[in-house]
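Peer 1: Structure file entry.cif (mmCIF, C-alpha atoms) right here:
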```cif
data_final
loop_
_atom_site.label_atom_id
_atom_site.label_comp_id
_atom_site.auth_asym_id
_atom_site.auth_seq_id
_atom_site.Cartn_x
_atom_site.Cartn_y
_atom_site.Cartn_z
CA MET S 61 -21.42 -2.14 16.66
CA LYS S 62 -18.03 -2.70 15.06
CA ILE S 63 -16.02 -5.86 15.72
CA GLN S 64 -13.36 -5.03 18.30
CA LEU S 65 -9.84 -6.28 18.91
CA THR S 66 -9.70 -8.74 21.80
CA HIS S 67 -5.90 -8.69 22.17
CA LYS S 68 -4.47 -6.64 25.02
CA PHE S 69 -1.48 -4.33 25.29
CA GLU S 70 0.37 -7.09 27.14
CA ASP S 71 0.14 -9.32 24.05
CA ILE S 72 2.06 -6.73 22.01
CA VAL S 73 4.75 -5.87 24.56
CA SER S 74 5.41 -9.37 25.88
CA VAL S 75 8.99 -10.64 25.60
CA ASN S 76 7.72 -13.56 23.53
CA ASN S 77 6.03 -11.27 20.97
CA LEU S 78 9.08 -9.00 20.81
CA LEU S 79 11.34 -12.00 20.16
CA LEU S 80 9.03 -13.33 17.44
CA ALA S 81 8.88 -9.84 15.94
CA TRP S 82 12.70 -9.73 15.96
CA GLN S 83 12.92 -13.02 14.06
CA GLU S 84 10.58 -11.65 11.40
CA PHE S 85 12.34 -8.29 11.25
CA ILE S 86 15.87 -9.60 10.70
CA LYS S 87 15.03 -11.74 7.65
CA GLY S 88 17.38 -10.54 4.94
CA LYS S 89 18.97 -7.97 7.26
CA ARG S 90 21.46 -10.01 9.32
CA ASN S 91 24.48 -8.42 7.65
CA LYS S 92 23.36 -4.84 8.35
CA LYS S 93 25.66 -3.12 10.85
CA ASP S 94 22.83 -1.60 12.92
CA VAL S 95 21.09 -4.99 13.12
CA GLN S 96 24.31 -6.70 14.23
CA LYS S 97 24.90 -4.02 16.85
CA PHE S 98 21.40 -4.46 18.31
CA SER S 99 21.63 -8.26 18.22
CA PHE S 100 25.00 -8.28 20.05
CA ASN S 101 23.11 -7.53 23.29
CA LEU S 102 19.76 -8.76 22.06
CA MET S 103 18.10 -9.84 25.32
CA ASP S 104 19.29 -6.76 27.20
CA ASN S 105 17.96 -4.53 24.43
CA ILE S 106 14.61 -6.33 24.27
CA LEU S 107 14.14 -6.31 28.05
CA SER S 108 15.00 -2.61 28.16
CA LEU S 109 12.54 -1.91 25.36
CA GLN S 110 9.85 -3.95 27.07
CA GLN S 111 10.27 -2.03 30.30
CA ASP S 112 9.94 1.29 28.47
CA LEU S 113 6.78 0.04 26.77
CA VAL S 114 5.22 -1.32 29.97
CA ASN S 115 6.05 1.86 31.91
CA HIS S 116 4.92 4.14 29.08
CA THR S 117 8.35 5.75 28.98
CA TYR S 118 8.90 4.60 25.40
CA LYS S 119 9.38 7.47 22.96
CA HIS S 120 9.60 6.84 19.23
CA GLY S 121 12.81 8.28 17.81
CA GLY S 122 13.47 10.23 14.64
CA TYR S 123 13.97 9.07 11.08
CA GLN S 124 16.78 8.82 8.57
CA ALA S 125 15.51 10.21 5.25
CA PHE S 126 16.68 9.13 1.80
CA ASN S 127 15.30 9.18 -1.75
CA ILE S 128 14.56 6.30 -4.11
CA CYS S 129 13.04 6.00 -7.60
CA ASP S 130 10.23 3.44 -7.45
CA PRO S 131 9.66 4.30 -10.33
CA LYS S 132 8.99 7.95 -9.53
CA PRO S 133 11.08 9.74 -6.86
CA ARG S 134 9.95 8.95 -3.33
CA ASN S 135 11.18 10.20 0.02
CA ILE S 136 11.65 7.23 2.39
CA HIS S 137 11.99 7.63 6.15
CA LYS S 138 13.81 4.88 8.03
CA ALA S 139 13.32 4.48 11.78
CA SER S 140 15.86 3.07 14.23
CA ILE S 141 16.19 -0.69 14.81
CA ARG S 142 14.50 -0.32 18.21
CA ASP S 143 11.50 1.49 16.74
CA ARG S 144 11.23 -0.85 13.77
CA LEU S 145 11.12 -3.78 16.20
CA VAL S 146 8.15 -2.09 17.90
CA HIS S 147 6.48 -1.70 14.48
CA HIS S 148 6.82 -5.43 13.85
CA ALA S 149 5.53 -6.30 17.32
CA VAL S 150 2.45 -4.12 16.74
CA TYR S 151 1.92 -5.45 13.22
CA ARG S 152 2.04 -9.10 14.36
CA ILE S 153 -0.99 -8.53 16.60
CA LEU S 154 -3.02 -5.99 14.64
CA TYR S 155 -2.69 -7.21 11.04
CA PRO S 156 -4.59 -10.53 11.48
CA PHE S 157 -7.48 -8.67 13.13
CA PHE S 158 -7.82 -5.92 10.52
CA GLU S 159 -7.31 -8.39 7.68
CA ARG S 160 -10.73 -9.82 8.61
CA ILE S 161 -12.31 -6.36 8.35
CA PHE S 162 -10.84 -5.22 5.03
CA ILE S 163 -12.83 -5.78 1.83
CA SER S 164 -11.55 -8.55 -0.43
CA ASP S 165 -10.79 -6.15 -3.29
CA SER S 166 -8.22 -4.05 -1.47
CA TYR S 167 -4.86 -5.39 -2.69
CA SER S 168 -1.98 -3.28 -1.37
CA CYS S 169 0.35 -4.61 1.36
CA ARG S 170 -1.76 -7.67 2.17
CA LEU S 171 -0.86 -11.34 2.27
CA GLU S 172 -2.04 -13.36 -0.74
CA LYS S 173 -2.86 -10.12 -2.59
CA GLY S 174 -0.55 -7.78 -4.53
CA MET S 175 -0.39 -5.75 -7.73
CA TYR S 176 -0.79 -8.52 -10.30
CA LYS S 177 -3.72 -10.10 -8.49
CA ALA S 178 -5.36 -6.65 -8.53
CA ILE S 179 -4.78 -6.39 -12.30
CA LYS S 180 -6.19 -9.89 -12.85
CA ARG S 181 -9.26 -9.00 -10.78
CA PHE S 182 -9.65 -5.82 -12.84
CA ILE S 183 -9.77 -7.83 -16.08
CA ASP S 184 -12.14 -10.38 -14.52
CA PHE S 185 -14.48 -7.55 -13.51
CA TYR S 186 -14.28 -6.14 -17.04
CA TYR S 187 -15.53 -9.39 -18.56
CA VAL S 188 -18.40 -9.58 -16.06
CA VAL S 189 -19.54 -5.97 -16.63
CA SER S 190 -19.04 -6.15 -20.42
CA LYS S 191 -20.81 -9.53 -20.54
CA ASN S 192 -17.80 -11.16 -22.18
CA ASN S 193 -16.97 -8.21 -24.41
CA THR S 194 -20.49 -7.80 -25.82
CA LYS S 195 -21.44 -4.60 -23.92
CA THR S 196 -19.62 -1.33 -23.25
CA CYS S 197 -17.83 -1.24 -19.90
CA TRP S 198 -16.82 2.15 -18.49
CA VAL S 199 -13.95 2.49 -16.03
CA LEU S 200 -13.58 5.31 -13.52
CA LYS S 201 -9.95 5.53 -12.44
CA CYS S 202 -8.65 7.94 -9.78
CA ASP S 203 -5.78 8.35 -7.40
CA ILE S 204 -5.28 10.43 -4.29
CA ARG S 205 -3.01 13.43 -4.21
CA LYS S 206 0.01 13.16 -1.87
CA PHE S 207 -1.52 10.13 -0.19
CA PHE S 208 0.85 9.24 2.66
CA ALA S 209 1.66 12.90 3.24
CA SER S 210 -2.05 13.73 3.70
CA ILE S 211 -3.12 11.15 6.32
CA ASN S 212 -4.73 13.08 9.19
CA HIS S 213 -3.52 11.83 12.59
CA LYS S 214 -6.65 12.79 14.54
CA ILE S 215 -8.97 11.06 12.07
CA LEU S 216 -6.74 7.98 12.00
CA LYS S 217 -6.71 7.75 15.80
CA ASN S 218 -10.50 8.11 15.91
CA ILE S 219 -10.87 5.25 13.41
CA LEU S 220 -8.51 3.07 15.46
CA SER S 221 -10.44 3.78 18.67
CA LYS S 222 -13.60 2.32 17.10
CA TYR S 223 -11.89 -1.03 16.76
CA ILE S 224 -9.42 -1.05 19.66
CA PRO S 225 -10.85 -0.74 23.20
CA ASP S 226 -7.47 -1.08 24.97
CA LYS S 227 -6.28 2.45 25.82
CA ASN S 228 -2.68 1.30 26.20
CA ILE S 229 -2.58 0.00 22.64
CA LEU S 230 -4.01 3.31 21.47
CA TRP S 231 -1.28 5.13 23.42
CA LEU S 232 1.41 3.09 21.65
CA LEU S 233 -0.17 3.63 18.24
CA GLY S 234 -0.33 7.33 19.02
CA GLU S 235 3.42 7.34 19.74
CA ILE S 236 4.08 5.75 16.35
CA ILE S 237 1.63 7.95 14.42
CA ASP S 238 2.81 11.22 16.01
CA SER S 239 6.49 10.38 15.49
CA PHE S 240 6.31 11.84 11.99
CA TYR S 241 4.62 14.60 10.07
CA SER S 242 5.01 15.87 6.52
CA ILE S 243 3.15 19.05 5.57
CA LYS S 244 2.38 20.18 9.12
CA PRO S 245 2.13 18.62 12.60
CA GLY S 246 -0.67 16.10 12.81
CA VAL S 247 -0.61 15.21 9.10
CA GLY S 248 1.31 12.53 7.22
CA LEU S 249 2.75 9.05 7.68
CA PRO S 250 6.28 8.00 6.70
CA LEU S 251 6.89 5.88 3.63
CA GLY S 252 9.00 2.98 4.87
CA ASN S 253 7.31 2.04 8.15
CA LEU S 254 5.70 -1.40 8.27
CA THR S 255 2.99 0.12 10.46
CA SER S 256 2.34 2.84 7.87
CA GLN S 257 1.31 0.19 5.34
CA LEU S 258 -1.25 -1.20 7.76
CA LEU S 259 -2.44 2.19 9.02
CA VAL S 260 -3.18 3.57 5.54
CA ASN S 261 -5.24 0.46 4.77
CA ILE S 262 -7.18 0.98 8.01
CA TYR S 263 -7.66 4.64 7.04
CA MET S 264 -8.80 3.84 3.50
CA ASN S 265 -11.03 1.01 4.67
CA GLU S 266 -13.49 3.77 5.61
CA PHE S 267 -13.61 4.72 1.93
CA ASP S 268 -13.74 1.08 0.80
CA GLN S 269 -16.79 0.47 2.99
CA PHE S 270 -18.43 3.67 1.69
CA VAL S 271 -17.99 2.58 -1.94
CA LYS S 272 -19.20 -0.96 -1.30
CA HIS S 273 -22.09 -0.29 1.08
CA LYS S 274 -23.19 3.31 0.51
CA LEU S 275 -22.57 3.62 -3.23
CA LYS S 276 -23.18 -0.14 -3.59
CA GLU S 277 -20.51 -0.56 -6.25
CA LYS S 278 -19.72 -4.24 -6.74
CA TYR S 279 -16.90 -3.77 -9.24
CA TYR S 280 -14.44 -1.67 -7.22
CA ILE S 281 -10.72 -2.32 -6.69
CA ARG S 282 -8.22 -0.33 -4.65
CA TYR S 283 -4.44 -0.65 -4.55
CA SER S 284 -2.98 1.88 -2.09
CA ASP S 285 -4.18 5.27 -3.40
CA ASP S 286 -5.19 4.02 -6.88
CA PHE S 287 -8.76 2.83 -7.35
CA VAL S 288 -11.10 1.86 -10.16
CA ILE S 289 -14.86 1.38 -10.47
CA LEU S 290 -16.36 -0.47 -13.44
CA ASN S 291 -19.94 0.04 -14.64
CA HIS S 292 -21.91 -0.28 -17.89
CA ASN S 293 -23.57 3.14 -17.37
CA LYS S 294 -21.34 6.13 -18.16
CA LYS S 295 -23.71 8.76 -16.72
CA TRP S 296 -23.96 6.80 -13.49
CA ILE S 297 -20.20 6.48 -13.18
CA GLU S 298 -19.83 10.23 -13.84
CA SER S 299 -22.33 10.92 -11.05
CA LEU S 300 -20.12 9.04 -8.58
CA VAL S 301 -17.21 11.48 -8.87
CA PRO S 302 -18.75 14.32 -6.77
CA GLU S 303 -19.84 11.84 -4.07
CA ILE S 304 -16.38 10.27 -3.94
CA LYS S 305 -14.69 13.67 -3.75
CA SER S 306 -17.05 14.78 -0.99
CA PHE S 307 -16.52 11.68 1.14
CA LEU S 308 -12.74 11.72 0.83
CA ASN S 309 -12.52 15.43 1.61
CA ASN S 310 -15.08 15.61 4.41
CA ASN S 311 -14.38 12.31 6.13
CA LEU S 312 -10.68 11.68 5.49
CA LYS S 313 -9.26 15.10 4.48
CA LEU S 314 -7.99 13.59 1.22
CA LEU S 315 -8.11 15.03 -2.28
CA ILE S 316 -8.35 13.20 -5.60
CA HIS S 317 -5.57 14.28 -7.92
CA PRO S 318 -7.43 16.62 -10.34
CA ASP S 319 -5.33 15.55 -13.34
CA LYS S 320 -5.81 11.85 -12.68
CA ILE S 321 -9.56 11.35 -12.94
CA PHE S 322 -10.32 9.24 -16.03
CA ILE S 323 -13.51 7.70 -17.38
CA LYS S 324 -12.60 5.43 -20.29
CA THR S 325 -13.34 2.11 -21.92
CA LEU S 326 -10.77 -0.66 -22.02
CA PHE S 327 -10.68 -0.46 -25.82
CA SER S 328 -8.90 2.89 -25.51
CA GLY S 329 -6.54 1.45 -22.87
CA VAL S 330 -6.76 2.00 -19.11
CA ASP S 331 -3.52 2.79 -17.29
CA PHE S 332 -3.74 0.89 -14.00
CA LEU S 333 -0.85 -0.14 -11.74
CA GLY S 334 1.91 0.47 -14.24
CA TRP S 335 0.31 -1.27 -17.21
CA VAL S 336 -1.97 -0.01 -19.99
CA ASN S 337 -4.76 -2.58 -19.97
CA PHE S 338 -6.87 -3.61 -22.98
CA PRO S 339 -9.61 -6.29 -23.17
CA ASP S 340 -7.25 -9.01 -24.39
CA HIS S 341 -3.74 -7.79 -23.54
CA ARG S 342 -1.67 -5.28 -21.56
CA VAL S 343 1.44 -3.29 -22.38
CA LEU S 344 3.92 -1.28 -20.37
CA ARG S 345 3.61 2.47 -20.12
CA ASN S 346 5.88 4.30 -22.57
CA ALA S 347 7.53 6.12 -19.66
CA THR S 348 8.41 2.76 -18.09
CA LYS S 349 9.92 1.52 -21.37
CA ARG S 350 12.09 4.65 -21.62
CA ARG S 351 13.24 4.18 -18.04
CA ILE S 352 14.22 0.56 -18.75
CA PHE S 353 16.37 1.44 -21.76
CA LYS S 354 17.94 4.37 -19.93
CA ARG S 355 19.01 2.09 -17.09
CA ILE S 356 20.28 -0.63 -19.42
CA LYS S 357 22.77 1.82 -20.94
CA THR S 358 24.55 2.18 -17.59
CA ASN S 359 23.86 -1.21 -15.99
CA LYS S 360 24.32 -4.16 -18.35
CA THR S 361 24.28 -7.01 -15.83
CA LYS S 362 22.59 -10.39 -15.84
CA GLU S 363 20.71 -9.42 -12.66
CA THR S 364 19.26 -6.34 -14.38
CA LEU S 365 18.16 -8.41 -17.40
CA ASN S 366 16.52 -11.04 -15.17
CA SER S 367 14.70 -8.42 -13.09
CA TYR S 368 13.23 -6.77 -16.20
CA PHE S 369 12.25 -10.10 -17.75
CA GLY S 370 10.53 -10.95 -14.46
CA LEU S 371 8.50 -7.76 -14.77
CA LEU S 372 7.74 -8.24 -18.46
CA ARG S 373 6.32 -11.75 -18.05
CA HIS S 374 3.12 -10.14 -16.73
CA GLY S 375 2.20 -8.55 -20.07
CA ASN S 376 2.34 -8.79 -23.85
CA THR S 377 5.98 -7.84 -24.25
CA GLN S 378 7.66 -10.18 -26.75
CA LYS S 379 8.87 -7.34 -29.00
CA LEU S 380 10.11 -5.39 -26.02
CA LYS S 381 12.00 -8.42 -24.68
CA ARG S 382 13.77 -8.80 -28.03
CA LYS S 383 14.74 -5.11 -28.04
CA ILE S 384 16.11 -5.39 -24.51
CA SER S 385 18.10 -8.51 -25.40
CA LEU S 386 19.60 -6.74 -28.41
CA GLN S 387 20.44 -3.73 -26.25
CA PHE S 388 22.33 -5.99 -23.83
CA ILE S 389 24.50 -7.58 -26.49
CA SER S 390 25.14 -4.36 -28.44
CA GLU S 391 28.32 -2.39 -27.95
#
```
Please go through the file and, once you have read it, give me the structure as structure tokens.

Peer 2:
Amino acid sequence: MKIQLTHKFEDIVSVNNLLLAWQEFIKGKRNKKDVQKFSFNLMDNILSLQQDLVNHTYKHGGYQAFNICDPKPRNIHKASIRDRLVHHAVYRILYPFFERIFISDSYSCRLEKGMYKAIKRFIDFYYVVSKNNTKTCWVLKCDIRKFFASINHKILKNILSKYIPDKNILWLLGEIIDSFYSIKPGVGLPLGNLTSQLLVNIYMNEFDQFVKHKLKEKYYIRYSDDFVILNHNKKWIESLVPEIKSFLNNNLKLLIHPDKIFIKTLFSGVDFLGWVNFPDHRVLRNATKRRIFKRIKTNKTKETLNSYFGLLRHGNTQKLKRKISLQFISE
């Protein structure tokens, strides 16, 4: 039997939890007009929201859509202040519980994790599998096609119900999940919701557990929809692909991107999380370099330089740093 959440609906919708959620939500947002407007009558707004939640009259509102480049174009959907406060209240209670359930080598949107820890773990795994660079290590790398846009609401709710016995919490989660769809009703989560980050990890935890316990792959890392498996046996790693495809499609209604399935060694360079990784160094993707120089031409500020140097400190980029510095001082 799965471990189940012991918190109740009342823990999420209590005034105390809503106030704590508000304090977390407004960090770095105090000067936003919509935040100031909500905070002007803060207690009235929170008490009104709490009553709607307790009485099950709460309805999640719509979204404001806008595009960003991060680095590729993404469509972000921003909820209202009221709804984002609910997201934070839910997250405060659910995240600590599910954090205990997730595998240690899932790195996206988790405390004490992150992209560069995932890359470090990837290199650590390489040295274990290759026996300190004395044996061939094969890497299977895949990512999922239209990840957020493909999350199936019914499957997600069924997964949540295995862990959450409180029907009122499931009702609230259903309100959040069903507030958005992408391709068709019942499919897709919005990029931009705090709850979406948690929900996709809960969704993909089913796959994580399959890889670790059914396929029994020790050297597996996932960051959002990107994942790698390392093994010394190429034929074995090739045999995993059909099983992975079958599980994702049959159990989660997800598809691996057909053009992004790679089986390579690190000596030829493995593109993982924005860096091309080799046994003893890593370099930026060429596309990322081009994007940097394109932006520098129109935005020669100290802040831009510092942000890029912050990125570049994670790889072998001395030559690139010199080129960027010269670009900044050139006419």

Peer 1: Separation of atom CA of Pro245 of chain S and atom CA of Asp286 of chain S, in Å?

Peer 2: 25.4 Å

Peer 1: What's the separation between atom CA of Leu258 of chain S and atom CA of Lys87 of chain S, in Å to one decimal place?

Peer 2: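 According to the coordinates, atom CA of Leu258 of chain S and atom CA of Lys87 of chain S are separated by 19.4 Å.
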
Peer 1: Expressed in Å to a single decimal, how great is the separation between atom CA of Gln83 of chain S and atom CA of Gln257 of chain S?

Peer 2: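 Between atom CA of Gln83 of chain S and atom CA of Gln257 of chain S the gap is 19.6 Å.
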
Peer 1: So, counting all atoms listed in the file, which residue among S:Phe332, S:Phe307, S:Phe240, S:Trp198 is closest to Lys138 of chain S?

Peer 2: S:Phe240

Peer 1: Go through S:Lys93, S:Lys201, S:Lys244, S:Lys68 one by one, measure the shortest atom-to-atom distance of each to Leu300 of chain S using all atoms listed in the file, and give the residue with the smallest value.

Peer 2: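 Once distances to Leu300 of chain S are computed over all atoms listed in the file, the minimum belongs to S:Lys201.
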
Peer 1: Using the chain letters and residue numbers of this document, give as a PyMOL selection string the residues selected by the PyMOL selection byres ((chain S and resi 161-168) around 9).

Peer 2: chain S and resi 63+157-160+169-175+177-178+181+257+261-262+265+268-269+272+279-284

Peer 1: I'd like to know which of S:Phe85, S:Phe267, S:Tyr123, S:Phe287 is closest to Ile179 of chain S, using all atoms listed in the file.

Peer 2: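 Smallest distance to Ile179 of chain S is found for S:Phe287.
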